[in-house]
file data.txt (compact mmCIF, C-alpha atoms)
# COMPACT_ATOMS: atom_id res chain seq x y z
CA MET Q 1 -24.84 31.24 -8.87
CA ALA Q 2 -26.73 34.04 -10.62
CA LYS Q 3 -30.49 33.76 -10.72
CA SER Q 4 -32.10 33.16 -14.09
CA LYS Q 5 -35.34 31.85 -15.46
CA TYR Q 6 -33.60 28.62 -16.42
CA GLU Q 7 -32.58 27.75 -12.89
CA TYR Q 8 -35.69 25.63 -12.39
CA VAL Q 9 -33.92 22.73 -14.11
CA ARG Q 10 -31.96 22.13 -10.89
CA GLU Q 11 -35.16 20.75 -9.39
CA PHE Q 12 -34.66 17.63 -11.49
CA GLU Q 13 -31.45 16.75 -9.62
CA THR Q 14 -31.98 13.89 -7.19
CA GLU Q 15 -30.82 13.85 -3.59
CA ASP Q 16 -28.09 11.23 -3.28
CA LYS Q 17 -26.71 11.76 0.23
CA LEU Q 18 -25.46 8.57 1.81
CA LEU Q 19 -26.68 7.54 5.25
CA PRO Q 20 -24.81 9.11 8.18
CA ASN Q 21 -22.78 7.22 10.77
CA VAL Q 22 -21.98 4.25 8.54
CA PHE Q 23 -18.81 3.23 6.75
CA ILE Q 24 -18.58 4.24 3.09
CA LEU Q 25 -16.71 1.79 0.87
CA VAL Q 26 -15.86 2.79 -2.70
CA ARG Q 27 -14.69 0.01 -5.00
CA ILE Q 28 -13.35 0.71 -8.46
CA ASP Q 29 -12.87 -1.92 -11.14
CA GLY Q 30 -11.16 -1.93 -14.52
CA LYS Q 31 -13.52 -2.26 -17.47
CA GLY Q 32 -12.37 -4.59 -20.24
CA PHE Q 33 -8.97 -5.16 -18.62
CA HIS Q 34 -8.63 -8.64 -20.08
CA LYS Q 35 -8.29 -7.01 -23.49
CA PHE Q 36 -6.29 -4.09 -22.05
CA SER Q 37 -3.70 -6.37 -20.40
CA ALA Q 38 -3.31 -8.44 -23.59
CA GLU Q 39 -2.93 -5.33 -25.75
CA HIS Q 40 -0.17 -4.02 -23.48
CA ASP Q 41 1.62 -7.36 -23.05
CA PHE Q 42 1.15 -7.73 -19.30
CA ALA Q 43 3.20 -10.61 -17.92
CA LYS Q 44 1.19 -13.69 -16.94
CA PRO Q 45 -0.03 -14.61 -14.40
CA ASN Q 46 1.07 -11.38 -12.66
CA ASP Q 47 2.80 -8.25 -13.91
CA VAL Q 48 4.45 -6.42 -11.02
CA ARG Q 49 4.65 -3.24 -13.11
CA ALA Q 50 0.88 -3.18 -13.54
CA LEU Q 51 0.26 -3.94 -9.86
CA ASN Q 52 2.63 -1.22 -8.70
CA LEU Q 53 1.05 1.25 -11.10
CA MET Q 54 -2.32 0.41 -9.52
CA ASN Q 55 -0.78 0.91 -6.07
CA HIS Q 56 0.71 4.25 -7.09
CA ALA Q 57 -2.62 5.47 -8.43
CA ALA Q 58 -4.37 4.33 -5.23
CA ARG Q 59 -1.76 6.08 -3.10
CA SER Q 60 -2.40 9.28 -5.08
CA VAL Q 61 -6.10 8.98 -4.22
CA MET Q 62 -5.36 8.57 -0.51
CA ASN Q 63 -2.87 11.45 -0.54
CA GLU Q 64 -5.62 13.66 -1.94
CA LEU Q 65 -8.55 12.42 0.18
CA ASP Q 66 -7.61 12.36 3.85
CA ASP Q 67 -10.88 10.71 4.91
CA ILE Q 68 -9.84 7.40 3.33
CA VAL Q 69 -8.39 5.23 6.10
CA LEU Q 70 -7.65 1.98 4.25
CA GLY Q 71 -7.10 0.77 0.71
CA PHE Q 72 -6.92 -2.75 -0.69
CA GLY Q 73 -6.01 -3.70 -4.24
CA GLU Q 74 -5.84 -6.82 -6.33
CA SER Q 75 -5.57 -7.31 -10.07
CA ASP Q 76 -7.52 -4.45 -11.71
CA GLU Q 77 -9.65 -3.44 -8.72
CA TYR Q 78 -9.20 -1.26 -5.63
CA SER Q 79 -11.31 -0.72 -2.53
CA PHE Q 80 -11.21 2.46 -0.43
CA LEU Q 81 -12.72 2.69 3.05
CA PHE Q 82 -13.77 6.11 4.33
CA ARG Q 83 -13.89 6.88 8.02
CA LYS Q 84 -17.32 6.52 9.51
CA SER Q 85 -17.80 10.21 10.27
CA THR Q 86 -16.64 11.57 6.92
CA ASP Q 87 -18.56 14.55 5.62
CA LEU Q 88 -16.77 14.70 2.29
CA TYR Q 89 -19.03 16.47 -0.24
CA GLN Q 90 -21.79 16.28 2.38
CA ARG Q 91 -21.69 12.51 1.76
CA ARG Q 92 -23.13 12.92 -1.74
CA GLU Q 93 -22.65 9.56 -3.46
CA ALA Q 94 -22.14 10.80 -7.01
CA LYS Q 95 -19.51 13.34 -5.97
CA ILE Q 96 -17.56 10.87 -3.83
CA VAL Q 97 -17.56 8.02 -6.36
CA SER Q 98 -16.80 10.23 -9.36
CA THR Q 99 -13.93 11.93 -7.53
CA VAL Q 100 -12.31 8.64 -6.52
CA VAL Q 101 -12.68 7.14 -10.00
CA SER Q 102 -11.40 10.23 -11.83
CA LEU Q 103 -8.45 10.66 -9.45
CA PHE Q 104 -7.49 7.02 -9.81
CA THR Q 105 -7.82 6.94 -13.59
CA SER Q 106 -5.89 10.17 -14.16
CA ALA Q 107 -3.07 9.00 -11.86
CA TYR Q 108 -2.97 5.62 -13.64
CA VAL Q 109 -2.38 7.33 -16.98
CA TYR Q 110 -0.10 10.05 -15.55
CA TYR Q 111 2.34 7.58 -13.94
CA TRP Q 112 2.16 4.97 -16.72
CA ARG Q 113 5.60 5.78 -18.12
CA ASP Q 114 7.25 5.39 -14.71
CA TYR Q 115 6.37 1.68 -14.72
CA PHE Q 116 6.05 0.83 -18.41
CA THR Q 117 9.22 2.58 -19.45
CA ASP Q 118 9.10 1.35 -23.04
CA SER Q 119 5.96 3.36 -23.85
CA ALA Q 120 5.12 6.99 -23.18
CA ARG Q 121 1.43 6.30 -22.63
CA PRO Q 122 -1.15 3.51 -22.98
CA LYS Q 123 -2.23 2.54 -26.48
CA TYR Q 124 -5.75 3.60 -25.60
CA PRO Q 125 -7.40 5.10 -22.48
CA PRO Q 126 -8.09 2.67 -19.62
CA ILE Q 127 -11.57 2.71 -18.11
CA PHE Q 128 -12.52 2.22 -14.46
CA ASP Q 129 -16.02 2.12 -13.02
CA GLY Q 130 -16.95 2.67 -9.39
CA ARG Q 131 -19.66 2.08 -6.83
CA ALA Q 132 -20.32 2.99 -3.20
CA VAL Q 133 -21.41 0.45 -0.60
CA LEU Q 134 -22.47 1.22 2.97
CA TYR Q 135 -21.54 -0.99 5.93
CA PRO Q 136 -23.17 -0.38 9.32
CA SER Q 137 -20.42 -1.68 11.61
CA GLU Q 138 -16.84 -2.91 11.79
CA VAL Q 139 -18.07 -6.52 11.58
CA GLU Q 140 -19.14 -6.05 7.95
CA VAL Q 141 -16.01 -4.00 7.20
CA LYS Q 142 -13.72 -6.79 8.41
CA ASP Q 143 -15.69 -9.40 6.49
CA TYR Q 144 -15.59 -7.30 3.32
CA PHE Q 145 -11.81 -7.07 3.27
CA ALA Q 146 -11.52 -10.75 4.25
CA TRP Q 147 -13.73 -11.53 1.24
CA ARG Q 148 -11.54 -9.50 -1.12
CA GLN Q 149 -8.30 -11.03 0.16
CA ALA Q 150 -9.73 -14.55 -0.02
CA ASP Q 151 -10.78 -13.74 -3.60
CA THR Q 152 -7.21 -12.61 -4.31
CA HIS Q 153 -5.84 -15.97 -3.16
CA ILE Q 154 -8.41 -18.03 -5.07
CA ASN Q 155 -7.90 -16.13 -8.33
CA ASN Q 156 -4.12 -16.05 -8.08
CA LEU Q 157 -3.82 -19.76 -7.30
CA PHE Q 158 -5.95 -20.60 -10.32
CA ASN Q 159 -4.08 -18.18 -12.60
CA THR Q 160 -0.69 -19.42 -11.41
CA SER Q 161 -1.72 -23.01 -12.08
CA PHE Q 162 -3.33 -22.16 -15.42
CA TRP Q 163 -0.34 -20.29 -16.82
CA ALA Q 164 2.09 -22.91 -15.52
CA LEU Q 165 0.20 -25.50 -17.57
CA VAL Q 166 0.08 -23.26 -20.64
CA GLU Q 167 3.59 -21.77 -20.63
CA GLN Q 168 5.64 -24.54 -18.99
CA GLY Q 169 3.41 -27.54 -19.63
CA LYS Q 170 2.76 -26.49 -23.25
CA MET Q 171 -0.95 -27.19 -22.91
CA SER Q 172 -3.61 -25.30 -24.81
CA PRO Q 173 -5.73 -22.86 -22.78
CA ARG Q 174 -8.75 -25.08 -23.25
CA ALA Q 175 -6.91 -28.20 -22.07
CA ALA Q 176 -5.55 -26.31 -19.03
CA GLU Q 177 -9.07 -25.24 -18.06
CA VAL Q 178 -10.31 -28.82 -18.35
CA LYS Q 179 -7.49 -30.12 -16.18
CA LEU Q 180 -8.10 -27.54 -13.45
CA SER Q 181 -11.87 -27.96 -13.51
CA GLY Q 182 -13.15 -29.31 -10.19
CA THR Q 183 -9.76 -29.15 -8.42
CA ASP Q 184 -9.42 -27.64 -4.94
CA SER Q 185 -6.59 -25.55 -3.48
CA LYS Q 186 -4.70 -28.57 -2.15
CA GLN Q 187 -4.72 -30.27 -5.55
CA LYS Q 188 -3.54 -27.12 -7.32
CA ASN Q 189 -0.71 -26.67 -4.82
CA SER Q 190 0.38 -30.29 -5.28
CA MET Q 191 0.30 -29.98 -9.05
CA LEU Q 192 2.41 -26.81 -9.01
CA PHE Q 193 5.03 -28.37 -6.76
CA GLU Q 194 5.18 -31.84 -8.29
CA GLU Q 195 4.97 -30.89 -11.97
CA PHE Q 196 6.62 -27.47 -12.05
CA ASP Q 197 8.66 -27.26 -8.83
CA ILE Q 198 6.69 -24.18 -7.77
CA ASN Q 199 6.13 -23.71 -4.03
CA TYR Q 200 3.06 -21.48 -3.99
CA SER Q 201 3.79 -20.19 -0.48
CA LYS Q 202 7.09 -18.74 -1.77
CA ILE Q 203 5.43 -16.65 -4.46
CA PRO Q 204 5.72 -12.94 -3.56
CA ALA Q 205 2.98 -11.89 -1.15
CA ILE Q 206 1.88 -9.03 -3.39
CA PHE Q 207 0.49 -11.70 -5.73
CA ARG Q 208 -0.99 -13.99 -3.06
CA LYS Q 209 -2.39 -11.43 -0.61
CA GLY Q 210 -2.96 -8.24 -2.56
CA SER Q 211 -1.80 -4.76 -1.57
CA ILE Q 212 -2.76 -2.91 1.60
CA LEU Q 213 -2.56 0.89 1.90
CA LEU Q 214 -2.33 2.19 5.47
CA ARG Q 215 -1.95 5.62 7.03
CA GLU Q 216 1.22 5.56 9.13
CA GLN Q 217 4.17 7.75 10.03
CA ILE Q 218 6.95 7.98 7.43
CA PRO Q 219 10.30 9.81 7.49
CA LYS Q 220 9.82 13.54 6.93
CA ASP Q 221 12.37 13.61 4.11
CA MET Q 222 10.56 10.89 2.18
CA ASP Q 223 8.77 11.73 -1.05
CA LYS Q 224 5.07 10.86 -0.68
CA ASP Q 225 4.90 10.29 -4.42
CA ALA Q 226 8.03 8.16 -4.85
CA ILE Q 227 8.07 5.50 -7.55
CA ILE Q 228 7.45 2.03 -6.10
CA PRO Q 229 10.44 -0.34 -6.60
CA THR Q 230 9.82 -3.19 -9.02
CA LEU Q 231 13.09 -5.12 -8.78
CA PRO Q 232 12.59 -8.84 -8.02
CA GLU Q 233 14.69 -8.61 -4.85
CA THR Q 234 12.33 -5.99 -3.41
CA LEU Q 235 9.27 -8.19 -3.68
CA PRO Q 236 8.06 -9.51 -0.32
CA GLY Q 237 8.42 -13.25 -0.10
CA SER Q 238 11.65 -13.35 -2.10
CA MET Q 239 14.69 -14.79 -0.37
CA VAL Q 240 16.43 -11.42 -0.04
CA ALA Q 241 13.36 -9.32 0.77
CA LYS Q 242 13.81 -6.75 3.51
CA ALA Q 243 11.40 -4.62 5.51
CA THR Q 244 13.04 -1.76 3.62
CA PRO Q 245 13.73 -2.76 -0.01
CA PHE Q 246 17.08 -1.94 -1.49
CA THR Q 247 18.88 -1.87 -4.82
CA LYS Q 248 21.80 -4.28 -5.14
CA ALA Q 249 25.11 -2.51 -5.05
CA GLU Q 250 27.82 -3.42 -7.57
CA ASN Q 251 29.90 -4.85 -4.77
CA SER Q 252 27.55 -7.34 -3.16
CA SER Q 253 30.05 -7.98 -0.36
CA SER Q 254 28.85 -4.78 1.32
CA LEU Q 255 25.40 -6.27 1.80
CA PRO Q 256 24.48 -8.66 4.60
CA ASP Q 257 24.29 -12.36 3.91
CA THR Q 258 21.00 -13.76 2.65
CA PRO Q 259 18.80 -14.33 5.71
CA SER Q 260 17.25 -17.64 6.54
CA GLU Q 261 13.70 -18.33 5.47
CA SER Q 262 12.38 -17.85 8.98
CA THR Q 263 13.77 -14.32 9.23
CA VAL Q 264 12.59 -13.05 5.86
CA SER Q 265 10.07 -10.23 6.10
CA GLU Q 266 7.18 -10.26 3.68
CA ASN Q 267 6.53 -6.59 4.20
CA ILE Q 268 7.55 -3.62 2.11
CA ILE Q 269 7.06 -0.54 4.18
CA ALA Q 270 8.37 2.94 3.42
CA VAL Q 271 11.37 3.45 1.18
CA PRO Q 272 13.67 6.19 2.51
CA PRO Q 273 15.85 8.02 0.00
CA ALA Q 274 19.31 6.52 -0.32
CA THR Q 275 22.10 8.69 1.04
CA THR Q 276 24.95 6.18 0.69
CA SER Q 277 25.94 3.46 -1.74
CA SER Q 278 24.03 0.97 0.38
CA PRO Q 279 20.72 2.16 1.87
CA LEU Q 280 20.96 -0.58 4.47
CA GLN Q 281 23.99 1.03 6.09
CA LEU Q 282 22.94 3.25 8.98
CA PRO Q 283 24.99 6.30 9.96
CA GLU Q 284 27.55 5.56 12.61
CA LYS Q 285 25.97 5.89 16.06
CA ALA Q 286 22.56 6.44 14.49
CA PHE Q 287 20.83 5.03 17.57
CA THR Q 288 22.24 5.32 21.06
CA SER Q 289 21.05 4.29 24.48
CA SER Q 290 22.54 3.43 27.83
CA GLN Q 291 22.54 -0.21 26.74
CA ASP Q 292 24.59 0.57 23.64
CA ALA Q 293 27.38 2.31 25.57
CA PRO Q 294 30.66 0.39 26.02
CA LEU Q 295 31.21 -1.15 29.44
CA GLU Q 296 35.02 -1.01 29.67
CA SER Q 297 35.20 2.37 31.40
CA THR Q 298 32.76 4.98 32.61
CA GLN Q 299 35.33 7.78 33.01
CA ASP Q 300 36.82 9.76 30.13
CA THR Q 301 40.57 9.96 29.79
CA PRO Q 302 42.20 13.42 29.61
CA GLN Q 303 42.72 12.87 25.90
CA GLU Q 304 39.02 12.07 25.39
CA GLN Q 305 38.04 15.12 27.45
CA GLU Q 306 40.22 17.28 25.27
CA LEU Q 307 38.71 15.83 22.10
CA ASP Q 308 35.20 16.31 23.44
CA GLY Q 309 35.96 19.92 24.33
CA VAL Q 310 34.29 19.46 27.73
CA THR Q 311 36.18 19.99 30.97
CA PRO Q 312 35.47 17.96 34.11
CA GLU Q 313 34.07 21.15 35.75
CA GLU Q 314 31.59 21.62 32.90
CA LYS Q 315 30.46 18.03 33.21
CA LYS Q 316 29.52 18.66 36.87
CA ARG Q 317 27.16 21.49 35.92
CA PRO Q 318 23.39 20.77 35.71
CA ALA Q 319 22.31 19.57 32.32
CA ASP Q 320 20.69 22.17 30.07
CA ASP Q 321 17.44 20.67 28.83
CA THR Q 322 17.21 23.22 26.05
CA LYS Q 323 20.25 21.81 24.29
CA GLU Q 324 19.75 19.18 21.61
CA PRO Q 325 21.24 15.74 22.29
CA LEU Q 326 24.67 15.14 20.82
CA LEU Q 327 23.43 12.12 18.89
CA LYS Q 328 20.07 12.19 17.11
CA PRO Q 329 18.20 9.02 16.18
CA ALA Q 330 17.85 8.42 12.46
CA PHE Q 331 14.52 9.52 10.93
CA LYS Q 332 13.55 11.40 14.08
CA ARG Q 333 11.33 13.80 12.17
CA MET Q 334 8.25 12.03 10.90
CA LYS Q 335 5.11 12.95 9.00
CA LYS Q 336 1.82 11.33 8.10
CA GLY Q 337 1.93 9.30 4.94
CA VAL Q 338 0.51 6.34 3.06
CA VAL Q 339 2.35 3.04 3.45
CA ILE Q 340 2.00 0.11 1.05
CA ASP Q 341 2.26 -3.40 2.50
CA TYR Q 342 1.31 -7.00 1.66
CA ILE Q 343 0.00 -8.66 4.79
CA ASP Q 344 -2.91 -10.76 6.04
CA ILE Q 345 -6.08 -8.85 6.90
CA ILE Q 346 -8.17 -11.95 7.54
CA GLY Q 347 -8.56 -12.42 11.29
CA GLU Q 348 -8.22 -10.15 14.30
CA LYS Q 349 -4.43 -9.82 14.32
CA PHE Q 350 -4.45 -7.03 11.75
CA TRP Q 351 -7.47 -5.20 13.20
CA THR Q 352 -6.05 -5.16 16.73
CA GLY Q 353 -2.56 -4.23 15.51
CA ARG Q 354 -1.65 -1.95 12.64
CA GLY Q 355 -5.27 -1.63 11.56
CA ALA Q 356 -6.65 -0.71 14.97
CA TYR Q 357 -6.91 2.97 14.05
CA ILE Q 358 -9.28 2.14 11.17
CA ILE Q 359 -12.24 1.09 13.28
CA ALA Q 360 -11.33 2.98 16.47
CA ALA Q 361 -14.14 4.99 18.01
CA GLU Q 362 -14.20 8.54 16.69
CA LYS Q 363 -14.93 11.63 18.72
CA LYS Q 364 -18.47 12.71 18.17
CA LYS Q 365 -18.89 16.22 16.87
CA ARG Q 366 -20.92 18.53 19.03
CA MET Q 367 -24.10 19.48 17.25
CA ARG Q 368 -25.15 23.09 17.51
CA THR Q 369 -28.72 23.54 18.65
CA ILE Q 370 -30.68 25.97 16.53
CA LEU Q 371 -33.41 27.70 18.48

call {"tool": "encode", "arguments": {"input": "data.txt", "output": "structure tokens"}}
result
Amino acid sequence: MAKSKYEYVREFETEDKLLPNVFILVRIDGKGFHKFSAEHDFAKPNDVRALNLMNHAARSVMNELDDIVLGFGESDEYSFLFRKSTDLYQRREAKIVSTVVSLFTSAYVYYWRDYFTDSARPKYPPIFDGRAVLYPSEVEVKDYFAWRQADTHINNLFNTSFWALVEQGKMSPRAAEVKLSGTDSKQKNSMLFEEFDINYSKIPAIFRKGSILLREQIPKDMDKDAIIPTLPETLPGSMVAKATPFTKAENSSSLPDTPSESTVSENIIAVPPATTSSPLQLPEKAFTSSQDAPLESTQDTPQEQELDGVTPEEKKRPADDTKEPLLKPAFKRMKKGVVIDYIDIIGEKFWTGRGAYIIAAEKKKRMRTIL
């Protein structure tokens, strides 16, 4: 920056570096989203389009900022956890928070039409605010995300009960509030089941548990910015949900039978691009091992040898390790990506499993001694 007599005004800028060696948590929240959701006719109590738009915007933030190791979203809020050793913007609070908020907001508007296909853009600009919170250890980090997921469950159970009373029970909003006042979770669950035949545990997990964004390996040919499926059958918790969501083919006979309740996965992981009419169909011999080989005969017939183009003499030669295997496993080439899922993060199972990398000890950087 060129020197000038006006440069003294920079002395009024305050130092806002965040403490080193602690976790930085940035939480953004929609401002006035009660009005915003009503103005844009969001479905009640949950609009999967709006939730997936939030997830897409959050994924855009994580694709841009590699130091974010975990994201969690519910309703109109999102939390982003930075790795403990991040030095993004020299840990300047204003720069970090403003970057996350602006990235999220711009992505929310940019991808609006992909989820709300009946309108090119929102009727007016959405607003998100943000704040940074510091947590000294993984204990507080785990408790923070447990708090947010517990809040997701509490709010969703109330909203599900409230809108069931209003829309199906034909009660006024005021009367519904009075009826739910003082009730606990057990009473709300009983009311939903007995009065409206709603089993709360069968509601899609995206509504009950919120959305988790993790850094994991994804197929190399997958688009990091792919639109998130919003079809009912792709929602985790539905009776036909799969670990990999799919679009129903016209001929449903090509799809497997509906699995039993005990085998249904509540997870949506990465969505590979469809290459056939049914994305669930794997290429023939996609995965091979010694266990998959047929047991009838271990010796090729002359006809098979001729088809293979390999003579018995060639088979006796030492194997050439430089040659690629005849059969390659599907999705062998992988890359780092952001995966969206809807799972429990309360308790140690998540933090010792898929979330273990989040709080794993980081290599300390060697500090150069200045003499």

call {"tool": "residues_around", "arguments": {"input": "data.txt", "residues": "Val133 of chain Q", "least_positions_apart": "5", "cutoff": "12 Å", "atoms": "all atoms listed in the file", "output": "number ranges by chain"}}
result
Q: 18-19, 22-28, 79-82, 93, 96-97, 140-141, 144

call {"tool": "atom_distance", "arguments": {"input": "data.txt", "atom1": "atom CA of Lys224 of chain Q", "atom2": "atom CA of Gly337 of chain Q"}}
result
6.6 Å

call {"tool": "closest_residue", "arguments": {"input": "data.txt", "among": "Q:Asn199, Q:Ser4, Q:Asn63, Q:Ser119", "to": "Val100 of chain Q", "atoms": "all atoms listed in the file"}}
result
Q:Asn63

call {"tool": "atom_distance", "arguments": {"input": "data.txt", "atom1": "atom CA of Ser60 of chain Q", "atom2": "atom CA of Arg121 of chain Q"}}
result
18.2 Å

call {"tool": "closest_residue", "arguments": {"input": "data.txt", "among": "Q:Asp67, Q:Met334, Q:Arg92, Q:Leu53", "to": "Pro219 of chain Q", "atoms": "all atoms listed in the file"}}
result
Q:Met334

call {"tool": "atom_distance", "arguments": {"input": "data.txt", "atom1": "atom CA of Gly210 of chain Q", "atom2": "atom CA of Glu74 of chain Q"}}
result
5.0 Å

call {"tool": "closest_residue", "arguments": {"input": "data.txt", "among": "Q:Pro126, Q:Gly30, Q:Gly347, Q:Gly353", "to": "Trp147 of chain Q", "atoms": "only C-alpha atoms"}}
result
Q:Gly347

call {"tool": "closest_residue", "arguments": {"input": "data.txt", "among": "Q:Glu348, Q:Glu177, Q:Glu194, Q:Asp341", "to": "Ile212 of chain Q", "atoms": "only C-alpha atoms"}}
result
Q:Asp341

call {"tool": "build_atoms", "arguments": {"input": "data.txt", "residues": "segment 6-26 of chain Q", "atoms": "N, CA, C and O atoms", "output": "PDB file, in the coordinates of the input"}}
result
ATOM      1  N   TYR Q   6     -33.893  30.014 -16.074  1.00  0.00           N
ATOM      2  CA  TYR Q   6     -33.600  28.620 -16.420  1.00  0.00           C
ATOM      3  C   TYR Q   6     -33.195  27.778 -15.195  1.00  0.00           C
ATOM      4  O   TYR Q   6     -32.989  26.576 -15.308  1.00  0.00           O
ATOM      5  N   GLU Q   7     -33.099  28.438 -14.072  1.00  0.00           N
ATOM      6  CA  GLU Q   7     -32.580  27.750 -12.890  1.00  0.00           C
ATOM      7  C   GLU Q   7     -33.519  26.646 -12.399  1.00  0.00           C
ATOM      8  O   GLU Q   7     -33.109  25.756 -11.640  1.00  0.00           O
ATOM      9  N   TYR Q   8     -34.736  26.633 -12.848  1.00  0.00           N
ATOM     10  CA  TYR Q   8     -35.690  25.630 -12.390  1.00  0.00           C
ATOM     11  C   TYR Q   8     -35.246  24.201 -12.718  1.00  0.00           C
ATOM     12  O   TYR Q   8     -35.687  23.231 -12.083  1.00  0.00           O
ATOM     13  N   VAL Q   9     -34.346  24.071 -13.712  1.00  0.00           N
ATOM     14  CA  VAL Q   9     -33.920  22.730 -14.110  1.00  0.00           C
ATOM     15  C   VAL Q   9     -33.178  22.011 -12.989  1.00  0.00           C
ATOM     16  O   VAL Q   9     -33.064  20.774 -13.001  1.00  0.00           O
ATOM     17  N   ARG Q  10     -32.656  22.755 -12.017  1.00  0.00           N
ATOM     18  CA  ARG Q  10     -31.960  22.130 -10.890  1.00  0.00           C
ATOM     19  C   ARG Q  10     -32.899  21.272 -10.062  1.00  0.00           C
ATOM     20  O   ARG Q  10     -32.456  20.379  -9.331  1.00  0.00           O
ATOM     21  N   GLU Q  11     -34.192  21.519 -10.167  1.00  0.00           N
ATOM     22  CA  GLU Q  11     -35.160  20.750  -9.390  1.00  0.00           C
ATOM     23  C   GLU Q  11     -35.215  19.295  -9.834  1.00  0.00           C
ATOM     24  O   GLU Q  11     -35.756  18.450  -9.119  1.00  0.00           O
ATOM     25  N   PHE Q  12     -34.658  19.007 -10.999  1.00  0.00           N
ATOM     26  CA  PHE Q  12     -34.660  17.630 -11.490  1.00  0.00           C
ATOM     27  C   PHE Q  12     -33.505  16.805 -10.912  1.00  0.00           C
ATOM     28  O   PHE Q  12     -33.466  15.590 -11.085  1.00  0.00           O
ATOM     29  N   GLU Q  13     -32.560  17.472 -10.245  1.00  0.00           N
ATOM     30  CA  GLU Q  13     -31.450  16.750  -9.620  1.00  0.00           C
ATOM     31  C   GLU Q  13     -31.968  15.975  -8.416  1.00  0.00           C
ATOM     32  O   GLU Q  13     -32.761  16.487  -7.629  1.00  0.00           O
ATOM     33  N   THR Q  14     -31.516  14.745  -8.291  1.00  0.00           N
ATOM     34  CA  THR Q  14     -31.980  13.890  -7.190  1.00  0.00           C
ATOM     35  C   THR Q  14     -31.047  14.010  -5.992  1.00  0.00           C
ATOM     36  O   THR Q  14     -29.841  14.228  -6.131  1.00  0.00           O
ATOM     37  N   GLU Q  15     -31.600  13.846  -4.827  1.00  0.00           N
ATOM     38  CA  GLU Q  15     -30.820  13.850  -3.590  1.00  0.00           C
ATOM     39  C   GLU Q  15     -30.132  12.496  -3.454  1.00  0.00           C
ATOM     40  O   GLU Q  15     -30.782  11.443  -3.462  1.00  0.00           O
ATOM     41  N   ASP Q  16     -28.814  12.501  -3.345  1.00  0.00           N
ATOM     42  CA  ASP Q  16     -28.090  11.230  -3.280  1.00  0.00           C
ATOM     43  C   ASP Q  16     -27.155  11.165  -2.082  1.00  0.00           C
ATOM     44  O   ASP Q  16     -26.090  10.558  -2.135  1.00  0.00           O
ATOM     45  N   LYS Q  17     -27.534  11.814  -0.976  1.00  0.00           N
ATOM     46  CA  LYS Q  17     -26.710  11.760   0.230  1.00  0.00           C
ATOM     47  C   LYS Q  17     -26.743  10.361   0.830  1.00  0.00           C
ATOM     48  O   LYS Q  17     -27.804   9.746   0.962  1.00  0.00           O
ATOM     49  N   LEU Q  18     -25.558   9.880   1.190  1.00  0.00           N
ATOM     50  CA  LEU Q  18     -25.460   8.570   1.810  1.00  0.00           C
ATOM     51  C   LEU Q  18     -25.806   8.661   3.289  1.00  0.00           C
ATOM     52  O   LEU Q  18     -25.624   9.705   3.926  1.00  0.00           O
ATOM     53  N   LEU Q  19     -26.267   7.557   3.853  1.00  0.00           N
ATOM     54  CA  LEU Q  19     -26.680   7.540   5.250  1.00  0.00           C
ATOM     55  C   LEU Q  19     -25.542   7.978   6.165  1.00  0.00           C
ATOM     56  O   LEU Q  19     -24.377   7.649   5.925  1.00  0.00           O
ATOM     57  N   PRO Q  20     -25.855   8.705   7.235  1.00  0.00           N
ATOM     58  CA  PRO Q  20     -24.810   9.110   8.180  1.00  0.00           C
ATOM     59  C   PRO Q  20     -24.418   7.975   9.111  1.00  0.00           C
ATOM     60  O   PRO Q  20     -25.140   6.989   9.265  1.00  0.00           O
ATOM     61  N   ASN Q  21     -23.234   8.135   9.716  1.00  0.00           N
ATOM     62  CA  ASN Q  21     -22.780   7.220  10.770  1.00  0.00           C
ATOM     63  C   ASN Q  21     -22.652   5.773  10.318  1.00  0.00           C
ATOM     64  O   ASN Q  21     -22.867   4.838  11.084  1.00  0.00           O
ATOM     65  N   VAL Q  22     -22.297   5.582   9.059  1.00  0.00           N
ATOM     66  CA  VAL Q  22     -21.980   4.250   8.540  1.00  0.00           C
ATOM     67  C   VAL Q  22     -20.701   4.358   7.716  1.00  0.00           C
ATOM     68  O   VAL Q  22     -20.334   5.443   7.264  1.00  0.00           O
ATOM     69  N   PHE Q  23     -20.026   3.248   7.538  1.00  0.00           N
ATOM     70  CA  PHE Q  23     -18.810   3.230   6.750  1.00  0.00           C
ATOM     71  C   PHE Q  23     -19.148   3.305   5.258  1.00  0.00           C
ATOM     72  O   PHE Q  23     -20.037   2.600   4.781  1.00  0.00           O
ATOM     73  N   ILE Q  24     -18.427   4.151   4.539  1.00  0.00           N
ATOM     74  CA  ILE Q  24     -18.580   4.240   3.090  1.00  0.00           C
ATOM     75  C   ILE Q  24     -17.408   3.505   2.444  1.00  0.00           C
ATOM     76  O   ILE Q  24     -16.248   3.794   2.736  1.00  0.00           O
ATOM     77  N   LEU Q  25     -17.714   2.559   1.586  1.00  0.00           N
ATOM     78  CA  LEU Q  25     -16.710   1.790   0.870  1.00  0.00           C
ATOM     79  C   LEU Q  25     -16.873   2.056  -0.616  1.00  0.00           C
ATOM     80  O   LEU Q  25     -17.955   1.817  -1.179  1.00  0.00           O
ATOM     81  N   VAL Q  26     -15.842   2.565  -1.252  1.00  0.00           N
ATOM     82  CA  VAL Q  26     -15.860   2.790  -2.700  1.00  0.00           C
ATOM     83  C   VAL Q  26     -14.945   1.772  -3.360  1.00  0.00           C
ATOM     84  O   VAL Q  26     -13.758   1.694  -3.023  1.00  0.00           O
TER      85      VAL Q  26
END
